[in-house]
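Next comes data-v4.txt, with compact mmCIF, C-alpha atoms.
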# COMPACT_ATOMS: atom_id res chain seq x y z
CA MET T 823 53.24 -35.87 66.64
CA PRO T 824 51.67 -33.00 64.74
CA LEU T 825 54.53 -32.36 62.36
CA PRO T 826 56.26 -35.46 61.01
CA THR T 827 59.89 -34.96 60.08
CA PRO T 828 60.01 -34.76 56.30
CA ALA T 829 61.71 -37.72 54.70
CA SER T 830 64.68 -36.80 52.58
CA ASN T 831 63.21 -38.37 49.45
CA VAL T 832 59.97 -36.37 49.45
CA ARG T 833 59.08 -35.38 45.90
CA VAL T 834 57.91 -32.04 44.62
CA VAL T 835 54.57 -31.82 42.82
CA THR T 836 53.16 -29.05 40.66
CA LEU T 837 49.58 -27.90 41.05
CA ARG T 838 47.37 -24.94 40.20
CA ILE T 839 45.56 -22.89 42.83
CA ASP T 840 43.13 -20.21 41.60
CA GLY T 841 44.85 -20.22 38.23
CA GLN T 842 48.31 -19.79 39.76
CA ASP T 843 50.92 -22.47 38.93
CA LEU T 844 52.70 -23.57 42.11
CA SER T 845 55.04 -26.26 43.30
CA ALA T 846 54.85 -27.95 46.68
CA ARG T 847 56.22 -30.92 48.58
CA GLU T 848 53.96 -33.93 48.15
CA ASP T 849 53.48 -34.29 51.93
CA GLU T 850 51.99 -30.81 52.26
CA THR T 851 48.30 -30.05 52.56
CA ILE T 852 46.42 -27.54 50.39
CA ILE T 853 46.06 -25.06 53.26
CA GLU T 854 49.81 -25.13 53.94
CA VAL T 855 50.61 -24.34 50.31
CA CYS T 856 47.97 -21.59 50.29
CA ARG T 857 49.36 -20.00 53.44
CA GLU T 858 52.93 -20.15 52.01
CA ASN T 859 51.73 -18.34 48.90
CA GLN T 860 49.53 -15.74 50.62
CA ILE T 861 46.32 -17.25 49.23
CA PRO T 862 43.73 -16.52 51.93
CA ILE T 863 41.69 -19.47 53.20
CA PRO T 864 39.60 -19.03 56.35
CA SER T 865 39.83 -21.61 59.13
CA LEU T 866 39.14 -21.94 62.83
CA CYS T 867 40.26 -25.41 63.87
CA TYR T 868 43.45 -25.50 61.78
CA LEU T 869 46.56 -24.11 63.44
CA ASP T 870 50.14 -24.60 62.25
CA GLY T 871 51.85 -26.84 64.81
CA LEU T 872 48.79 -28.82 65.92
CA SER T 873 47.41 -32.08 64.55
CA ILE T 874 44.68 -31.79 61.94
CA LEU T 875 41.03 -32.00 62.98
CA GLY T 876 39.12 -30.94 59.82
CA GLY T 877 36.16 -30.01 62.01
CA CYS T 878 35.19 -26.42 61.27
CA ARG T 879 34.87 -26.90 57.48
CA LEU T 880 35.63 -23.23 56.85
CA CYS T 881 38.61 -24.14 54.66
CA LEU T 882 36.52 -26.09 52.15
CA VAL T 883 37.81 -25.76 48.58
CA GLU T 884 36.74 -27.03 45.18
CA LEU T 885 38.89 -29.45 43.20
CA GLU T 886 38.45 -29.39 39.45
CA GLY T 887 36.82 -32.59 38.22
CA GLN T 888 35.35 -33.44 41.63
CA ASN T 889 31.79 -32.78 42.71
CA ARG T 890 32.26 -32.79 46.46
CA LEU T 891 34.14 -30.19 48.44
CA PHE T 892 37.42 -30.89 50.23
CA ALA T 893 38.78 -29.50 53.49
CA ALA T 894 42.04 -27.76 52.56
CA CYS T 895 43.57 -28.58 55.95
CA SER T 896 43.17 -32.35 55.59
CA THR T 897 43.73 -32.80 51.84
CA ARG T 898 47.25 -33.40 50.60
CA VAL T 899 48.41 -31.83 47.37
CA ALA T 900 48.85 -34.04 44.30
CA GLU T 901 50.47 -33.72 40.93
CA GLY T 902 48.30 -31.77 38.47
CA MET T 903 45.69 -30.84 41.09
CA HIS T 904 43.53 -27.79 40.25
CA VAL T 905 42.26 -26.07 43.39
CA ILE T 906 39.69 -23.27 43.48
CA THR T 907 39.48 -21.48 46.82
CA ASN T 908 36.97 -18.70 46.44
CA THR T 909 33.83 -19.42 44.41
CA GLU T 910 30.37 -18.03 45.07
CA ARG T 911 29.32 -21.45 46.43
CA LEU T 912 32.27 -21.60 48.87
CA GLN T 913 31.60 -18.05 50.04
CA ARG T 914 27.96 -18.95 50.69
CA TYR T 915 28.93 -22.04 52.70
CA ARG T 916 31.50 -20.11 54.73
CA ARG T 917 29.01 -17.39 55.55
CA THR T 918 26.50 -20.03 56.66
CA ILE T 919 29.05 -21.78 58.88
CA VAL T 920 30.00 -18.50 60.56
CA GLU T 921 26.33 -17.58 61.03
CA LEU T 922 25.60 -20.99 62.59
CA LEU T 923 28.46 -20.50 65.04
CA PHE T 924 27.03 -17.13 66.08
CA ALA T 925 23.52 -18.57 66.39
CA GLU T 926 24.61 -21.58 68.43
CA ARG T 927 26.13 -19.84 71.44
CA ASN T 928 26.15 -16.42 73.00
CA HIS T 929 28.81 -14.43 71.12
CA VAL T 930 28.06 -10.88 72.24
CA CYS T 931 31.14 -9.16 70.84
CA SER T 932 30.46 -5.84 72.54
CA VAL T 933 30.92 -7.32 76.04
CA CYS T 934 33.74 -9.77 75.22
CA VAL T 935 37.32 -9.27 76.40
CA SER T 936 38.49 -10.50 72.99
CA ASN T 937 36.52 -7.81 71.14
CA GLY T 938 38.77 -6.59 68.34
CA HIS T 939 41.14 -9.58 68.61
CA CYS T 940 38.77 -12.44 67.88
CA GLU T 941 39.19 -14.80 64.95
CA LEU T 942 35.45 -15.50 64.73
CA GLN T 943 34.67 -11.80 64.71
CA ASN T 944 37.28 -11.18 62.01
CA LEU T 945 35.94 -14.12 60.01
CA ALA T 946 32.44 -12.65 60.13
CA GLN T 947 33.73 -9.36 58.79
CA GLY T 948 35.90 -11.09 56.18
CA CYS T 949 33.07 -13.32 54.97
CA GLY T 950 30.61 -10.42 54.83
CA VAL T 951 28.42 -11.68 57.68
CA ASN T 952 26.59 -8.57 58.89
CA HIS T 953 23.63 -10.39 60.40
CA VAL T 954 22.51 -13.95 61.18
CA HIS T 955 19.66 -15.40 59.13
CA MET T 956 18.78 -18.29 61.45
CA PRO T 957 17.18 -17.96 64.90
CA TYR T 958 19.55 -17.80 67.86
CA ARG T 959 19.49 -20.69 70.34
CA TYR T 960 19.91 -18.59 73.49
CA HIS T 961 21.16 -21.61 75.41
CA GLN T 962 22.72 -20.90 78.76
CA TYR T 963 26.32 -22.00 79.21
CA GLN T 964 28.47 -21.60 82.27
CA VAL T 965 31.54 -19.47 82.95
CA ASP T 966 34.28 -21.16 84.99
CA SER T 967 36.49 -18.63 86.80
CA SER T 968 37.85 -21.08 89.36
CA HIS T 969 41.40 -21.02 87.94
CA GLU T 970 43.55 -18.34 89.54
CA MET T 971 44.97 -17.13 86.20
CA PHE T 972 42.52 -18.05 83.46
CA ARG T 973 38.80 -18.21 82.74
CA VAL T 974 36.69 -20.36 80.41
CA ASP T 975 33.42 -18.97 79.05
CA HIS T 976 31.59 -21.80 77.29
CA ASN T 977 29.21 -19.29 75.70
CA ARG T 978 32.02 -18.19 73.40
CA CYS T 979 33.49 -21.61 72.58
CA VAL T 980 33.40 -22.72 68.92
CA LEU T 981 34.55 -26.28 69.71
CA CYS T 982 37.63 -25.99 67.50
CA THR T 983 39.50 -28.17 70.08
CA ARG T 984 42.69 -26.17 69.69
CA CYS T 985 42.95 -26.09 73.51
CA VAL T 986 42.51 -29.86 73.71
CA ARG T 987 45.19 -30.50 71.08
CA VAL T 988 47.77 -27.98 72.30
CA CYS T 989 47.48 -29.29 75.87
CA ASP T 990 47.88 -32.87 74.72
CA GLU T 991 50.39 -32.53 71.89
CA ILE T 992 52.58 -29.61 72.94
CA GLU T 993 52.30 -29.27 76.71
CA GLY T 994 51.76 -33.00 77.26
CA ALA T 995 49.35 -32.48 80.14
CA HIS T 996 46.06 -33.51 78.50
CA THR T 997 44.02 -31.47 80.92
CA TRP T 998 41.43 -30.55 78.28
CA ASP T 999 38.95 -32.88 76.65
CA ILE T 1000 35.53 -32.88 75.01
CA MET T 1001 32.28 -33.95 76.67
CA GLY T 1002 28.83 -34.47 75.13
CA ARG T 1003 27.54 -34.74 71.60
CA GLY T 1004 26.57 -32.41 68.77
CA SER T 1005 25.84 -28.83 69.73
CA ASP T 1006 25.87 -29.87 73.40
CA CYS T 1007 29.59 -30.65 73.23
CA GLN T 1008 31.67 -28.82 75.77
CA VAL T 1009 35.37 -28.57 76.48
CA ILE T 1010 36.16 -29.85 79.98
CA THR T 1011 39.13 -29.91 82.30
CA ASP T 1012 40.06 -33.25 83.86
CA MET T 1013 36.84 -35.23 84.42
CA ALA T 1014 34.58 -32.15 84.04
CA ARG T 1015 35.91 -30.75 87.31
CA PRO T 1016 36.29 -26.98 87.79
CA TRP T 1017 39.49 -25.78 86.13
CA GLY T 1018 40.77 -24.47 89.43
CA ASP T 1019 40.57 -27.99 90.92
CA SER T 1020 42.49 -29.59 88.07
CA THR T 1021 45.43 -31.69 89.20
CA THR T 1022 46.92 -31.99 85.71
CA CYS T 1023 46.85 -28.33 84.56
CA THR T 1024 50.32 -26.79 84.60
CA SER T 1025 48.94 -23.24 84.20
CA CYS T 1026 51.15 -22.81 81.13
CA GLY T 1027 48.45 -20.81 79.32
CA LYS T 1028 49.03 -22.34 75.89
CA CYS T 1029 45.33 -23.19 75.60
CA VAL T 1030 44.46 -19.54 76.22
CA GLN T 1031 46.85 -18.31 73.55
CA VAL T 1032 45.58 -20.68 70.85
CA CYS T 1033 41.86 -20.14 71.56
CA PRO T 1034 40.45 -18.19 68.59
CA THR T 1035 37.71 -16.43 70.57
CA GLY T 1036 37.07 -15.07 74.04
CA ALA T 1037 36.25 -18.55 75.38
CA LEU T 1038 39.65 -18.85 77.07
CA VAL T 1039 41.07 -15.64 78.47
CA LYS T 1040 43.42 -14.36 81.12
CA GLN T 1041 41.73 -13.24 84.33
CA GLY T 1042 41.79 -9.50 84.83
CA THR T 1043 42.03 -8.48 81.20
CA SER T 1044 39.53 -5.91 80.03
CA ALA T 1045 37.74 -5.59 76.68
CA GLY T 1046 40.15 -5.36 73.78
CA GLU T 1047 43.21 -6.26 75.90
CA MET T 1048 43.15 -10.00 75.37
CA VAL T 1049 45.61 -10.13 72.48
CA LYS T 1050 46.70 -13.69 71.80
CA ASP T 1051 50.17 -14.75 70.65
CA GLN T 1052 50.36 -18.00 68.72
CA SER T 1053 53.84 -17.52 67.27
CA PHE T 1054 55.33 -19.91 69.85
CA LEU T 1055 53.37 -22.85 68.56
CA PRO T 1056 55.08 -23.89 65.29
CA ILE T 1057 58.50 -23.32 66.88
CA LEU T 1058 57.67 -25.49 69.91
CA ALA T 1059 56.01 -28.13 67.74
CA ARG T 1060 59.11 -28.54 65.59
CA ARG T 1061 61.48 -28.61 68.57
CA ARG T 1062 59.37 -31.22 70.36
CA HIS T 1063 59.41 -33.39 67.25
CA GLN T 1064 63.14 -33.15 66.67
CA ARG T 1065 63.89 -34.78 70.01
CA MET R 270 11.09 22.18 42.61
CA SER R 271 11.88 23.57 46.04
CA ALA R 272 15.05 22.61 47.88
CA SER R 273 13.16 20.57 50.47
CA ALA R 274 11.42 18.55 47.75
CA THR R 275 14.76 17.10 46.67
CA LYS R 276 15.65 16.02 50.20
CA ILE R 277 15.03 12.45 51.31
CA THR R 278 12.91 12.06 54.41
CA VAL R 279 14.46 10.15 57.31
CA ALA R 280 12.86 8.73 60.45
CA THR R 281 14.81 7.12 63.28
CA THR R 282 13.73 5.39 66.45
CA TRP R 283 15.28 3.76 69.47
CA LEU R 284 13.95 0.43 70.79
CA ASP R 285 15.72 -1.63 73.51
CA GLY R 286 19.22 -0.19 73.36
CA CYS R 287 21.40 2.38 75.04
CA SER R 288 20.98 5.22 72.47
CA GLY R 289 24.66 4.81 71.61
CA CYS R 290 23.81 4.45 67.92
CA HIS R 291 22.04 7.81 67.97
CA MET R 292 25.04 9.28 69.78
CA SER R 293 27.24 7.83 67.04
CA PHE R 294 24.94 9.50 64.51
CA LEU R 295 25.62 12.83 66.24
CA ASP R 296 29.35 12.00 66.22
CA MET R 297 29.33 12.84 62.50
CA ASP R 298 29.91 16.37 63.85
CA GLU R 299 30.32 19.01 61.13
CA ARG R 300 29.35 16.51 58.44
CA LEU R 301 25.82 16.81 59.85
CA VAL R 302 25.63 20.33 58.40
CA ALA R 303 26.21 19.04 54.87
CA LEU R 304 23.88 16.13 55.54
CA ALA R 305 21.14 18.49 56.73
CA GLY R 306 21.03 19.93 53.20
CA GLN R 307 20.23 16.50 51.81
CA ILE R 308 17.94 14.90 54.38
CA ASP R 309 14.81 15.97 56.16
CA MET R 310 14.57 14.42 59.63
CA VAL R 311 10.81 13.95 59.97
CA TYR R 312 10.67 11.77 63.10
CA SER R 313 13.37 10.88 65.63
CA PRO R 314 14.34 11.13 69.30
CA LEU R 315 16.63 13.92 68.03
CA VAL R 316 13.75 16.11 66.74
CA ASP R 317 10.43 17.23 68.16
CA ALA R 318 7.99 15.44 65.81
CA LYS R 319 5.47 13.30 67.70
CA GLU R 320 3.92 11.33 64.84
CA LEU R 321 5.56 9.05 62.30
CA PRO R 322 4.53 10.44 58.86
CA GLU R 323 2.55 8.27 56.49
CA GLN R 324 5.36 8.00 53.94
CA VAL R 325 9.08 8.12 54.81
CA ASP R 326 11.96 7.40 52.44
CA LEU R 327 14.43 6.00 54.96
CA GLY R 328 13.79 4.44 58.36
CA ILE R 329 16.61 3.76 60.80
CA ILE R 330 16.01 1.57 63.86
CA GLU R 331 18.36 1.20 66.80
CA GLY R 332 17.82 -1.41 69.52
CA SER R 333 16.31 -4.86 69.81
CA VAL R 334 12.64 -5.80 70.09
CA SER R 335 12.11 -6.43 73.80
CA ASN R 336 8.59 -5.27 74.66
CA ASP R 337 5.19 -4.70 73.04
CA ASP R 338 5.98 -1.05 72.33
CA ASP R 339 9.19 -2.02 70.46
CA PHE R 340 7.16 -4.53 68.45
CA GLU R 341 4.56 -1.93 67.43
CA LYS R 342 7.24 0.61 66.52
CA ALA R 343 9.08 -1.91 64.36
CA LYS R 344 5.85 -2.79 62.55
CA ALA R 345 4.97 0.88 62.05
CA PHE R 346 8.41 1.72 60.67
CA ARG R 347 8.24 -1.16 58.22
CA LYS R 348 4.79 -0.06 57.10
CA HIS R 349 5.64 3.60 56.60
CA CYS R 350 9.31 3.49 55.48
CA LYS R 351 10.33 2.59 51.96
CA PHE R 352 13.82 1.50 53.04
CA LEU R 353 14.64 0.19 56.52
CA ILE R 354 18.08 0.10 58.15
CA SER R 355 18.88 -2.09 61.16
CA LEU R 356 21.46 0.04 62.99
CA GLY R 357 23.80 -1.33 65.61
CA ASP R 358 24.32 -4.71 67.26
CA CYS R 359 21.12 -4.61 69.38
CA ALA R 360 18.97 -4.28 66.26
CA VAL R 361 21.17 -6.61 64.20
CA ASN R 362 21.70 -9.48 66.65
CA GLY R 363 19.99 -8.67 69.95
CA ASN R 364 23.31 -7.88 71.66
CA VAL R 365 23.24 -7.16 75.43
CA PRO R 366 19.40 -6.96 75.80
CA ALA R 367 19.14 -10.49 74.35
CA MET R 368 21.44 -11.87 77.05
CA ARG R 369 18.36 -12.16 79.25
CA ASN R 370 16.98 -14.78 76.86
CA ALA R 371 19.01 -17.47 78.60
CA PHE R 372 16.77 -16.95 81.66
CA LYS R 373 13.02 -17.19 82.18
CA LEU R 374 11.29 -13.79 81.94
CA ASP R 375 9.68 -14.14 85.38
CA ALA R 376 13.08 -14.77 86.92
CA VAL R 377 14.50 -11.68 85.20
CA ILE R 378 11.64 -9.46 86.42
CA GLU R 379 11.87 -10.90 89.93
CA ARG R 380 15.60 -10.23 90.01
CA ALA R 381 15.29 -6.66 88.69
CA TYR R 382 12.27 -5.43 90.67
CA ARG R 383 12.27 -7.47 93.89
CA GLU R 384 15.51 -9.23 94.76
CA ASN R 385 17.75 -6.23 94.15
CA VAL R 386 15.42 -3.60 95.63
CA ASP R 387 15.53 -2.64 99.32
CA ILE R 388 12.68 -0.14 99.57
CA ASN R 389 9.13 -0.90 98.41
CA PRO R 390 9.91 -3.65 95.92
CA GLN R 391 7.13 -4.02 93.34
CA ILE R 392 6.70 -5.04 89.73
CA PRO R 393 5.46 -2.09 87.61
CA THR R 394 2.31 -2.82 85.63
CA GLU R 395 0.94 0.63 84.71
CA GLY R 396 2.41 3.02 82.14
CA VAL R 397 5.11 0.61 81.00
CA PRO R 398 4.90 -1.74 78.01
CA ARG R 399 4.78 -5.48 78.68
CA LEU R 400 8.13 -7.21 78.28
CA ARG R 401 8.10 -9.96 75.66
CA GLN R 402 9.30 -13.44 76.53
CA THR R 403 12.20 -13.33 74.08
CA VAL R 404 14.32 -10.39 72.95
CA LEU R 405 14.62 -10.53 69.16
CA PRO R 406 16.78 -8.82 66.58
CA LEU R 407 14.83 -6.48 64.31
CA HIS R 408 14.89 -8.76 61.26
CA ALA R 409 13.16 -11.50 63.27
CA VAL R 410 10.13 -9.21 63.49
CA VAL R 411 10.04 -7.25 60.20
CA PRO R 412 12.00 -7.51 56.92
CA VAL R 413 15.11 -5.31 56.92
CA ASP R 414 16.77 -3.81 53.83
CA LEU R 415 20.25 -3.01 55.17
CA TYR R 416 22.29 -4.07 58.21
CA VAL R 417 24.89 -1.85 59.87
CA PRO R 418 26.41 -3.80 62.80
CA GLY R 419 28.63 -2.30 65.49
CA CYS R 420 28.26 -1.33 69.14
CA PRO R 421 27.85 1.41 68.20
CA PRO R 422 28.59 1.58 64.47
CA PRO R 423 31.31 4.22 63.97
CA ALA R 424 30.15 7.65 62.76
CA ASP R 425 32.20 7.07 59.59
CA ALA R 426 30.15 3.95 58.81
CA ILE R 427 26.84 5.76 59.35
CA HIS R 428 28.01 8.69 57.22
CA PHE R 429 29.15 6.34 54.45
CA VAL R 430 25.84 4.46 54.47
CA LEU R 431 23.74 7.65 54.33
CA SER R 432 25.93 9.26 51.64
CA GLU R 433 25.74 6.18 49.44
CA LEU R 434 21.97 5.86 49.84
CA ILE R 435 21.49 9.54 49.03
CA ALA R 436 23.64 9.02 45.91
CA GLY R 437 21.31 6.19 44.91
CA ARG R 438 23.74 3.33 45.59
CA THR R 439 23.39 0.36 47.93
CA PRO R 440 26.23 0.63 50.45
CA ASP R 441 28.29 -2.20 51.90
CA SER R 442 29.53 -0.98 55.27
CA ASN R 443 31.51 -4.17 55.93
CA GLU R 444 34.90 -2.46 55.63
CA LEU R 445 34.00 0.18 58.19
CA THR R 446 32.19 -1.78 60.88
CA ARG R 447 31.62 -5.27 62.32
CA PHE R 448 29.87 -6.93 65.28
CA GLY R 449 31.06 -5.23 68.46
CA ALA R 450 32.94 -2.47 66.59

Let me see the structure of the file written as structure tokens.
Amino acid sequence: MPLPTPASNVRVVTLRIDGQDLSAREDETIIEVCRENQIPIPSLCYLDGLSILGGCRLCLVELEGQNRLFAACSTRVAEGMHVITNTERLQRYRRTIVELLFAERNHVCSVCVSNGHCELQNLAQGCGVNHVHMPYRYHQYQVDSSHEMFRVDHNRCVLCTRCVRVCDEIEGAHTWDIMGRGSDCQVITDMARPWGDSTTCTSCGKCVQVCPTGALVKQGTSAGEMVKDQSFLPILARRRHQR
Amino acid sequence: MSASATKITVATTWLDGCSGCHMSFLDMDERLVALAGQIDMVYSPLVDAKELPEQVDLGIIEGSVSNDDDFEKAKAFRKHCKFLISLGDCAVNGNVPAMRNAFKLDAVIERAYRENVDINPQIPTEGVPRLRQTVLPLHAVVPVDLYVPGCPPPADAIHFVLSELIAGRTPDSNELTRFGA
């Protein structure tokens, strides 16, 4: 389950994030402590209520005394830890990751129904990405509109697997999965059948709500309308676990 | 020194785009009057000049590089402009024109000029520039000094950028615009 019930004897540790002295439960991750204390850390694959993937690497942070970088979503806090979240090096890496995501698939914001409500688009603005240095791939991906309520546009997918995890861990249907390798990875429904032919999909729409971009949208929504609501997720995740 | 000598010279052009960025430029409304006292528009679709002057302070390009004419214009602007702005999503990232890159050029031309035409379908060859195989953002063709994304960039962003440049500062329009804004 994504959120293990905290044991009653969990200890509290003290750590420093960006020069700020903080205390946290020892079973928390760096990103959780940062979010609790309004310290901004960008992320795409991390979502409160889902299991941890550590795939997008946008939440990389520096730990004092360590040379390598650590993903804040998959690193637990420890006593005396010194975390630095916003150095010039981290900003450069984040900008590069966002640029690579734009270069890899066809994210034309101006003709996307999620324009104005897209986490990738907001990340680009937040990270100061105003153009992409590397050449675009211009690979052609398909759009699957076979589902009566929803649509998947693989051009806009960032492979965060939020849809895969929410369907498996919260809805319990496991309709979504991943096919292929590297940049050719693709989210699929059932055994790569059209979404509309899926026998496992319950049409609950949780995958659509957690998708950070315009890859999963409701049919019939126009540009700017596709506002996503993810507030249900941590509540449902905790209730599921308490059973 | 005369008043016009203190003005900066500005040239703008419109490659493969919808002209929305130039419309957004005009959306500055009454602020254009104040701006007119500080800039001298020497070449643009908005004025009647036919030749790009030899030396221009500020060049502004809207639209992506899609055909041979776009390519030549981009090269000419880079050669004659001291400072070059890539204005709008088409110039900055290719935007809608670049969506044809996922298809072969011959298939695109066939679709546009034959398959969808009922009367006298033919592919134009005279008086039109040759389409290039791949639509490119401006900075893939010539070096760019400043990027102002947006589809189109809001008039406020364009006004901010011009005001800052006139004041001798390098603007960061990131707060006012983004991809698809």

| task | Go through R:Arg369, R:His428, R:His349, R:Arg380 one by one, measure the shortest atom-to-atom distance of each to chain T using all atoms listed in the file, and give the residue with the smallest value. | result | R:Arg369

| task | May I have the residues of chain T within 8 Å of chain R, counting all atoms listed in the file, written as an MDAnalysis selection string? | result | chainID T and resid 928 930:933 937:938 943 946:947 950 952:954 957 960:962

| message | Could you check the closest approach to Ala436 of chain R for each of R:Glu320, R:Gln307, R:Ala376, R:Thr278 and tell me which residue wins, using only C-alpha atoms? | response |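 Smallest separation from Ala436 of chain R among the options: R:Gln307.
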
| field | Point-to-point distance from atom CA of Arg1003 of chain T to atom CA of Arg927 of chain T, Å rounded to tenths | value | 15.0 Å

| task | Using only C-alpha atoms, pick whichever of T:Leu891, T:Met971, T:Leu875, T:Val980 has the shortest atom-to-atom distance to Leu923 of chain T. | result | T:Val980

| query | Any idea what the distance is between atom CA of Glu854 of chain T and atom CA of Gly1027 of chain T? | reply |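 These two atoms are separated by 25.8 Å.
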
| query | What lies within 10 Å of segment 987-997 of chain T using only C-alpha atoms, ignoring chain neighbours under 5 positions off, as an MDAnalysis selection string? | reply | chainID T and resid 823:824 869 871:875 982 1010:1014 1017 1020:1024 1026:1033 1055:1056 1058:1063

Return as AutoDock Vina command-line options the box centre and box size in Å, one decimal, for an axis-aligned box around all listed atoms of segment 389-406 of chain R padded by 6 Å per side.
--center_x 8.9 --center_y -5.2 --center_z 82.5 --size_x 27.8 --size_y 28.5 --size_z 43.8

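You will find atom CA of Gln402 of chain R at 16.8 Å from atom CA of Ala343 of chain R.
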
| field | Surrounding residues of segment 397-400 of chain R excluding itself and chain neighbours under 2 positions, 8 Å, only C-alpha atoms, as a list in words | value |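 Close residues of segment 397-400 of chain R: Ser335, Asn336, Asp337, Asp338, Pro393, Thr394, Glu395 and Gln402 of chain R.
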
Just the selected residues (C-alpha atoms), exported as an mmCIF file, keeping the file's coordinate frame, please.
data_model
loop_
_atom_site.group_PDB
_atom_site.id
_atom_site.type_symbol
_atom_site.label_atom_id
_atom_site.label_comp_id
_atom_site.auth_asym_id
_atom_site.auth_seq_id
_atom_site.Cartn_x
_atom_site.Cartn_y
_atom_site.Cartn_z
ATOM 1 C CA SER R 335 12.110 -6.430 73.800
ATOM 2 C CA ASN R 336 8.590 -5.270 74.660
ATOM 3 C CA ASP R 337 5.190 -4.700 73.040
ATOM 4 C CA ASP R 338 5.980 -1.050 72.330
ATOM 5 C CA PRO R 393 5.460 -2.090 87.610
ATOM 6 C CA THR R 394 2.310 -2.820 85.630
ATOM 7 C CA GLU R 395 0.940 0.630 84.710
ATOM 8 C CA GLN R 402 9.300 -13.440 76.530
#

| task | Please determine the residues with any atom at most 12 Å from (13.3, 1.4, 57.8) (coordinates as given in the file, with all atoms listed in the file counting) and report them as an MDAnalysis selection string. | result | chainID R and resid 278:282 312 321 324:331 342:356 360 407:408 411:416

| task | For segment 905-917 of chain T, please output as JSON, numbers by chain all residues within 8 Å (counting only C-alpha atoms; exclusion window: fewer than 6 positions along the same chain). | result | {"T": [837, 838, 839, 840, 841, 863, 880, 882, 883, 884, 885, 886, 946, 949, 950, 951]}

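Here the question is which of T:Val834, T:Val935, T:Leu922, T:Ala894 gets nearest to Gly1046 of chain T using all atoms listed in the file, and that residue is T:Val935.
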
| Which residues come within 7 Å of Cys867 of chain T, counting all atoms listed in the file, excluding same-chain residues fewer than 4 positions away, as a list in words? |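 Neighbouring residues, sequence-local ones excluded: Leu875, Gly876, Gly877, Cys878, Cys982, Thr983 and Arg984 of chain T.
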